[in-house]
$ cat run-v9.txt   # compact mmCIF, N, CA and C atoms
# COMPACT_ATOMS: atom_id res chain seq x y z
N MET A 1 1.01 -19.66 -5.17
CA MET A 1 1.97 -18.59 -5.14
C MET A 1 1.59 -17.45 -6.08
N GLN A 2 0.90 -17.77 -7.15
CA GLN A 2 0.48 -16.73 -8.08
C GLN A 2 -0.53 -15.78 -7.42
N ASP A 3 -1.26 -16.28 -6.42
CA ASP A 3 -2.20 -15.42 -5.71
C ASP A 3 -1.46 -14.31 -4.96
N ILE A 4 -0.31 -14.65 -4.39
CA ILE A 4 0.49 -13.66 -3.66
C ILE A 4 1.01 -12.60 -4.63
N VAL A 5 1.49 -13.05 -5.78
CA VAL A 5 2.01 -12.12 -6.79
C VAL A 5 0.89 -11.20 -7.27
N LYS A 6 -0.28 -11.75 -7.55
CA LYS A 6 -1.42 -10.92 -7.98
C LYS A 6 -1.83 -9.93 -6.91
N ALA A 7 -1.81 -10.38 -5.64
CA ALA A 7 -2.19 -9.50 -4.55
C ALA A 7 -1.23 -8.31 -4.44
N PHE A 8 0.07 -8.57 -4.55
CA PHE A 8 1.05 -7.48 -4.50
C PHE A 8 0.90 -6.56 -5.70
N ASP A 9 0.68 -7.14 -6.88
CA ASP A 9 0.57 -6.33 -8.09
C ASP A 9 -0.69 -5.46 -8.10
N ASN A 10 -1.75 -5.89 -7.41
CA ASN A 10 -3.01 -5.16 -7.40
C ASN A 10 -3.13 -4.15 -6.26
N LEU A 11 -2.09 -4.02 -5.45
CA LEU A 11 -2.13 -3.05 -4.35
C LEU A 11 -2.09 -1.63 -4.92
N PRO A 12 -2.68 -0.68 -4.21
CA PRO A 12 -2.58 0.72 -4.64
C PRO A 12 -1.12 1.19 -4.57
N TRP A 13 -0.81 2.18 -5.39
CA TRP A 13 0.57 2.67 -5.49
C TRP A 13 1.11 3.13 -4.14
N ILE A 14 0.31 3.83 -3.37
CA ILE A 14 0.78 4.35 -2.08
C ILE A 14 1.12 3.23 -1.12
N LEU A 15 0.36 2.14 -1.15
CA LEU A 15 0.65 1.00 -0.28
C LEU A 15 1.92 0.29 -0.72
N LYS A 16 2.15 0.20 -2.03
CA LYS A 16 3.41 -0.36 -2.52
C LYS A 16 4.59 0.49 -2.06
N LEU A 17 4.39 1.79 -2.05
CA LEU A 17 5.43 2.70 -1.59
C LEU A 17 5.73 2.49 -0.11
N VAL A 18 4.70 2.30 0.70
CA VAL A 18 4.88 2.05 2.13
C VAL A 18 5.62 0.73 2.35
N LEU A 19 5.27 -0.29 1.57
CA LEU A 19 5.94 -1.58 1.70
C LEU A 19 7.40 -1.53 1.26
N ALA A 20 7.79 -0.52 0.51
CA ALA A 20 9.18 -0.37 0.06
C ALA A 20 10.04 0.38 1.06
N LEU A 21 9.49 0.78 2.18
CA LEU A 21 10.26 1.50 3.19
C LEU A 21 11.16 0.53 3.96
N PRO A 22 12.21 1.05 4.60
CA PRO A 22 13.15 0.17 5.31
C PRO A 22 12.44 -0.70 6.35
N PHE A 23 13.00 -1.86 6.59
CA PHE A 23 12.55 -2.88 7.53
C PHE A 23 11.32 -3.62 7.03
N ILE A 24 10.36 -2.95 6.42
CA ILE A 24 9.19 -3.62 5.87
C ILE A 24 9.54 -4.26 4.53
N ASP A 25 10.37 -3.60 3.76
CA ASP A 25 10.71 -4.04 2.41
C ASP A 25 11.37 -5.40 2.40
N GLY A 26 12.27 -5.64 3.29
CA GLY A 26 12.98 -6.91 3.30
C GLY A 26 12.05 -8.10 3.38
N ILE A 27 11.08 -8.03 4.22
CA ILE A 27 10.14 -9.14 4.39
C ILE A 27 9.10 -9.15 3.27
N ALA A 28 8.46 -8.02 3.04
CA ALA A 28 7.36 -7.96 2.08
C ALA A 28 7.81 -8.31 0.67
N TYR A 29 8.80 -7.62 0.18
CA TYR A 29 9.22 -7.86 -1.20
C TYR A 29 10.16 -9.05 -1.31
N GLY A 30 10.70 -9.52 -0.20
CA GLY A 30 11.42 -10.79 -0.21
C GLY A 30 10.45 -11.93 -0.46
N ILE A 31 9.31 -11.90 0.20
CA ILE A 31 8.26 -12.91 -0.02
C ILE A 31 7.71 -12.80 -1.44
N TYR A 32 7.57 -11.58 -1.93
CA TYR A 32 7.10 -11.35 -3.30
C TYR A 32 8.04 -12.01 -4.31
N ARG A 33 9.34 -11.84 -4.11
CA ARG A 33 10.31 -12.44 -5.03
C ARG A 33 10.30 -13.96 -4.95
N ILE A 34 10.16 -14.50 -3.76
CA ILE A 34 10.06 -15.96 -3.60
C ILE A 34 8.82 -16.48 -4.31
N ALA A 35 7.71 -15.76 -4.18
CA ALA A 35 6.46 -16.17 -4.84
C ALA A 35 6.58 -16.12 -6.36
N LYS A 36 7.41 -15.22 -6.87
CA LYS A 36 7.61 -15.13 -8.32
C LYS A 36 8.58 -16.20 -8.82
N GLY A 37 9.16 -16.99 -7.92
CA GLY A 37 10.04 -18.08 -8.31
C GLY A 37 11.52 -17.76 -8.21
N ARG A 38 11.85 -16.61 -7.71
CA ARG A 38 13.25 -16.23 -7.55
C ARG A 38 13.64 -16.45 -6.09
N ILE A 39 13.82 -17.70 -5.74
CA ILE A 39 14.00 -18.09 -4.34
C ILE A 39 15.29 -17.54 -3.75
N ILE A 40 16.39 -17.69 -4.44
CA ILE A 40 17.67 -17.23 -3.90
C ILE A 40 17.66 -15.71 -3.72
N LEU A 41 17.16 -15.01 -4.71
CA LEU A 41 17.07 -13.56 -4.63
C LEU A 41 16.13 -13.14 -3.50
N GLY A 42 15.03 -13.87 -3.33
CA GLY A 42 14.09 -13.57 -2.25
C GLY A 42 14.71 -13.74 -0.87
N VAL A 43 15.48 -14.80 -0.69
CA VAL A 43 16.14 -15.02 0.60
C VAL A 43 17.19 -13.94 0.86
N ILE A 44 17.93 -13.58 -0.18
CA ILE A 44 18.90 -12.49 -0.02
C ILE A 44 18.18 -11.20 0.36
N TRP A 45 17.02 -10.96 -0.25
CA TRP A 45 16.27 -9.73 0.04
C TRP A 45 15.77 -9.73 1.48
N ILE A 46 15.34 -10.89 1.97
CA ILE A 46 14.87 -10.97 3.36
C ILE A 46 16.02 -10.71 4.32
N LEU A 47 17.20 -11.23 4.01
CA LEU A 47 18.35 -11.07 4.91
C LEU A 47 19.00 -9.69 4.83
N ALA A 48 19.06 -9.10 3.63
CA ALA A 48 19.78 -7.84 3.47
C ALA A 48 18.91 -6.70 2.96
N GLY A 49 17.66 -6.96 2.67
CA GLY A 49 16.78 -5.93 2.10
C GLY A 49 16.52 -4.77 3.03
N TRP A 50 16.47 -5.05 4.31
CA TRP A 50 16.19 -3.99 5.27
C TRP A 50 17.35 -3.00 5.37
N ALA A 51 18.57 -3.43 5.01
CA ALA A 51 19.74 -2.59 5.21
C ALA A 51 19.96 -1.61 4.06
N ILE A 52 20.00 -2.10 2.83
CA ILE A 52 20.35 -1.22 1.72
C ILE A 52 19.51 -1.48 0.48
N LEU A 53 19.04 -2.71 0.29
CA LEU A 53 18.34 -3.06 -0.94
C LEU A 53 16.96 -2.42 -1.06
N TRP A 54 16.43 -1.91 0.04
CA TRP A 54 15.12 -1.26 0.00
C TRP A 54 15.13 -0.03 -0.90
N ILE A 55 16.30 0.58 -1.06
CA ILE A 55 16.41 1.77 -1.91
C ILE A 55 16.07 1.42 -3.36
N ILE A 56 16.50 0.24 -3.81
CA ILE A 56 16.21 -0.21 -5.17
C ILE A 56 14.70 -0.36 -5.36
N ASP A 57 14.03 -0.97 -4.39
CA ASP A 57 12.59 -1.15 -4.49
C ASP A 57 11.85 0.18 -4.43
N LEU A 58 12.29 1.07 -3.57
CA LEU A 58 11.64 2.38 -3.45
C LEU A 58 11.72 3.15 -4.77
N ILE A 59 12.89 3.18 -5.38
CA ILE A 59 13.05 3.86 -6.66
C ILE A 59 12.22 3.19 -7.74
N SER A 60 12.20 1.86 -7.73
CA SER A 60 11.43 1.11 -8.71
C SER A 60 9.93 1.41 -8.60
N VAL A 61 9.41 1.49 -7.38
CA VAL A 61 7.99 1.79 -7.18
C VAL A 61 7.68 3.21 -7.61
N ILE A 62 8.56 4.14 -7.33
CA ILE A 62 8.34 5.53 -7.72
C ILE A 62 8.35 5.67 -9.24
N ILE A 63 9.29 5.03 -9.91
CA ILE A 63 9.42 5.19 -11.37
C ILE A 63 8.41 4.35 -12.14
N TYR A 64 8.32 3.06 -11.82
CA TYR A 64 7.52 2.13 -12.61
C TYR A 64 6.14 1.83 -12.01
N GLY A 65 5.93 2.18 -10.75
CA GLY A 65 4.64 1.90 -10.11
C GLY A 65 4.56 0.52 -9.50
N LYS A 66 5.62 -0.27 -9.64
CA LYS A 66 5.69 -1.59 -9.01
C LYS A 66 7.15 -2.01 -8.92
N VAL A 67 7.39 -3.05 -8.14
CA VAL A 67 8.74 -3.56 -8.01
C VAL A 67 9.07 -4.31 -9.29
N GLN A 68 10.06 -3.82 -10.01
CA GLN A 68 10.36 -4.39 -11.31
C GLN A 68 11.83 -4.80 -11.42
N ILE A 69 12.69 -4.14 -10.71
CA ILE A 69 14.12 -4.42 -10.79
C ILE A 69 14.44 -5.62 -9.89
N LEU A 70 15.09 -6.61 -10.47
CA LEU A 70 15.47 -7.84 -9.79
C LEU A 70 14.27 -8.61 -9.24
N ALA A 71 13.14 -8.48 -9.86
CA ALA A 71 11.95 -9.22 -9.40
C ALA A 71 11.37 -10.05 -10.51

$ encode --input "run-v9.txt" --output "C-alpha cells"
Amino acid sequence: MQDIVKAFDNLPWILKLVLALPFIDGIAYGIYRIAKGRIILGVIWILAGWAILWIIDLISVIIYGKVQILA
C-alpha cells in the first residue's frame, strides 16, 4: 500500500490537479486515502467525493501541492 501512496505523492502537480477534478477525484483520492490507512474516510470519499468533496481536494492541491486535508 505504501507504493500507491508514494506513486500519488510523486506525481507532477498538474496531474494531481487533474485527479482532483469531479468524478475522477472520488475514485483516485478515495483509493489514496484507503492506502494511507484511512479506510472509512476513503470509502466515504469514493461514495461522495464526486459530488462535493472534490472541492476540498482541489483547493488542497492548489495550496499545498498535494492532498493534505483529511488524508

$ residues_around --input "run-v9.txt" --residues "Phe8 (chain A)" --least-positions-apart "6" --cutoff "9 Å" --atoms "only C-alpha atoms" --output "PyMOL selection string"
chain A and resi 16+29+32+66

$ closest_residue --input "run-v9.txt" --among "A:Leu53, A:Ile59, A:Ile14, A:Gly65" --to "Gly26 (chain A)" --atoms "only N, CA and C atoms"
A:Leu53

$ closest_residue --input "run-v9.txt" --among "A:Ile4, A:Ala48, A:Leu58, A:Ile34" --to "Val18 (chain A)" --atoms "only C-alpha atoms"
A:Leu58

$ atom_distance --input "run-v9.txt" --atom1 "atom N of Pro12 (chain A)" --atom2 "CA of Ile40 (chain A)"
26.2 Å

$ closest_residue --input "run-v9.txt" --among "A:Ala35, A:Leu70, A:Ile24, A:Leu15" --to "Met1 (chain A)" --atoms "only N, CA and C atoms"
A:Ala35

$ atom_distance --input "run-v9.txt" --atom1 "atom C of Ile46 (chain A)" --atom2 "CA of Asn10 (chain A)"
23.0 Å

$ closest_residue --input "run-v9.txt" --among "A:Val5, A:Phe23, A:Gln68, A:Gly37" --to "Ala51 (chain A)" --atoms "all atoms listed in the file"
A:Phe23
